[in-house]
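**Q** I have a structure I would like to understand better, so I am pasting it below and will then ask my questions one at a time.
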Amino acid sequence: MTDNLLGLPETRLPDDPAAAVLAEESEQTSREAASRYPASSLAWAVLAEQALADGRDLEGYAFARTGYHRGLDALRRSGWRGQGPVPWEHEPNRGFLRALAALSAAAGAIGEEEEQRRCADFLRGSSPEAARQLLG
């Protein structure tokens, strides 16, 4: 772990076993990955992104919220204490960061503006690069 300017250590998640399954990039594959690896925030993030792209906002919200909470669990197991960088550059972190971005988008789609802002701010604070990549 390296430190940022505030002295908070970066959190780097371990490899996500669902990543290999998700390389196929189909919704069926995403559902299989989430079933096989339910602790994978990446699998839930991909399902959320697919649902949101298809206009299934409530389903996307549920998938994103699951991925977000699974990601928080993984971050805590990796030593995260509620703050500090979660770098986009570390590939295994991307599942959590994508779930967080999807939760922001899904919250906005269903009219939860406060949650949309909170999640977007959390993403920016965790990884400015992820925010650039995922929020535009």
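A note on labels: chains of the structure tokens are A, B, ... as shown, every chain counts residues from 1, and ligands are counted from 1 in their shown order.
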Which residues of stretch 47-68 of chain A sit at most 8 Å from stretch 81-100 of chain A, using only C-alpha atoms? Give each one's shortest atom pair and distance in Å (one decimal place), in chain and ascending residue order, as JSON lines.
**A**
```
{"residue": "A:Ala48", "atom": "CA", "partner": "A:Ala99", "partner_atom": "CA", "distance": 7.4}
{"residue": "A:Ala64", "atom": "CA", "partner": "A:Ala99", "partner_atom": "CA", "distance": 5.1}
{"residue": "A:Arg65", "atom": "CA", "partner": "A:Ala99", "partner_atom": "CA", "distance": 7.3}
{"residue": "A:Gly67", "atom": "CA", "partner": "A:Ala99", "partner_atom": "CA", "distance": 5.3}
{"residue": "A:Tyr68", "atom": "CA", "partner": "A:Ala99", "partner_atom": "CA", "distance": 5.2}
```
**Q** How about saving the chosen residues, N, CA and C atoms kept, as a short mmCIF file (atom, residue, chain, number, x, y, z; two decimals), in the first residue's frame?
**A**
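Output below, filename part-v2.cif:
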```cif
data_model
loop_
_atom_site.label_atom_id
_atom_site.label_comp_id
_atom_site.auth_asym_id
_atom_site.auth_seq_id
_atom_site.Cartn_x
_atom_site.Cartn_y
_atom_site.Cartn_z
N ALA A 48 -25.50 -4.86 -13.04
CA ALA A 48 -26.13 -3.54 -12.89
C ALA A 48 -25.96 -2.71 -14.17
N ALA A 64 -26.63 -3.09 -8.39
CA ALA A 64 -25.57 -2.16 -7.99
C ALA A 64 -25.43 -2.10 -6.48
N ARG A 65 -26.55 -2.07 -5.78
CA ARG A 65 -26.50 -2.01 -4.31
C ARG A 65 -25.85 -3.27 -3.76
N GLY A 67 -23.60 -5.17 -5.34
CA GLY A 67 -22.17 -5.06 -5.64
C GLY A 67 -21.45 -4.08 -4.74
N TYR A 68 -22.12 -2.99 -4.43
CA TYR A 68 -21.56 -1.98 -3.53
C TYR A 68 -21.32 -2.57 -2.14
#
```
**Q** So that I can see what lies close to stretch 42-47 of chain A, please list as a short mmCIF file (atom, residue, chain, number, x, y, z; two decimals) with C-alpha atoms, in the first residue's frame the residues with an atom at most 10 Å from it, counting only C-alpha atoms and leaving out residues fewer than 2 positions away in the same chain.
**A**
```cif
data_model
loop_
_atom_site.label_atom_id
_atom_site.label_comp_id
_atom_site.auth_asym_id
_atom_site.auth_seq_id
_atom_site.Cartn_x
_atom_site.Cartn_y
_atom_site.Cartn_z
CA ASP A 16 -11.66 -11.39 -8.14
CA PRO A 17 -12.26 -14.96 -9.35
CA ALA A 18 -15.33 -13.82 -11.30
CA ALA A 19 -13.16 -11.70 -13.61
CA VAL A 21 -15.77 -15.81 -16.13
CA LEU A 22 -16.86 -12.27 -17.00
CA GLU A 25 -19.30 -10.33 -21.50
CA SER A 26 -22.84 -11.66 -21.92
CA GLU A 27 -25.72 -11.19 -19.51
CA GLN A 28 -26.01 -14.95 -19.11
CA THR A 29 -22.30 -15.12 -18.25
CA SER A 30 -22.76 -12.27 -15.75
CA ARG A 31 -25.61 -14.10 -14.05
CA GLU A 32 -23.53 -17.27 -13.90
CA ALA A 33 -20.60 -15.33 -12.42
CA ALA A 34 -22.81 -13.76 -9.73
CA SER A 35 -24.31 -17.16 -8.91
CA ARG A 36 -20.93 -18.85 -8.76
CA TYR A 37 -19.15 -15.98 -6.97
CA PRO A 38 -21.83 -14.08 -5.02
CA ALA A 39 -19.19 -12.12 -3.08
CA SER A 40 -17.86 -10.61 -6.32
CA GLU A 49 -24.51 -1.92 -15.93
CA GLN A 50 -26.31 -4.32 -18.27
CA ALA A 51 -29.68 -3.72 -16.58
CA LEU A 52 -29.24 0.05 -16.67
CA ALA A 53 -28.24 -0.06 -20.34
CA GLU A 59 -33.12 -4.16 -11.35
CA GLY A 60 -29.95 -2.18 -12.02
CA TYR A 61 -30.33 -0.46 -8.65
CA ALA A 62 -30.68 -3.79 -6.84
CA PHE A 63 -27.66 -5.29 -8.61
CA ALA A 64 -25.57 -2.16 -7.99
CA ARG A 65 -26.50 -2.01 -4.31
CA THR A 66 -25.51 -5.68 -3.91
CA GLY A 67 -22.17 -5.06 -5.64
CA TYR A 68 -21.56 -1.98 -3.53
CA ARG A 70 -20.09 -6.83 -1.36
CA GLY A 71 -17.33 -4.40 -2.25
CA PRO A 92 -9.28 -5.88 -8.68
CA ASN A 93 -10.60 -2.59 -7.23
CA ARG A 94 -12.63 -1.91 -10.36
CA GLY A 95 -15.54 -4.15 -9.39
CA PHE A 96 -16.27 -2.06 -6.30
CA LEU A 97 -15.69 1.21 -8.14
CA ARG A 98 -17.95 0.16 -11.03
CA ALA A 99 -20.66 -0.94 -8.59
CA LEU A 100 -20.43 2.43 -6.84
CA ALA A 101 -20.73 4.29 -10.16
CA ALA A 102 -23.65 2.08 -11.21
CA LEU A 103 -25.35 2.71 -7.87
#
```
**Q** Taking the DSSP secondary structure from the backbone, can you list the residues of stretch 28-105 of chain A that are helix (DSSP H, G or I), as a ChimeraX atom specification?
**A** /A:28-36,41-53,57-77,91-105
**Q** Which residues are near A:Ser104? Cut-off 7 Å, only C-alpha atoms, ignore same chain within fewer than 5 positions. Put them as a count of residues only.
**A** 5
**Q** Atom CA of A:Arg76 and atom CA of A:Leu13 are how many Å apart?
**A**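 Distance reported for this atom pair: 9.6 Å.
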**Q** Just how far from atom CA of A:Ala23 is atom CA of A:Ala109, in Å to one decimal?
**A**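 So the answer is 27.3 Å.
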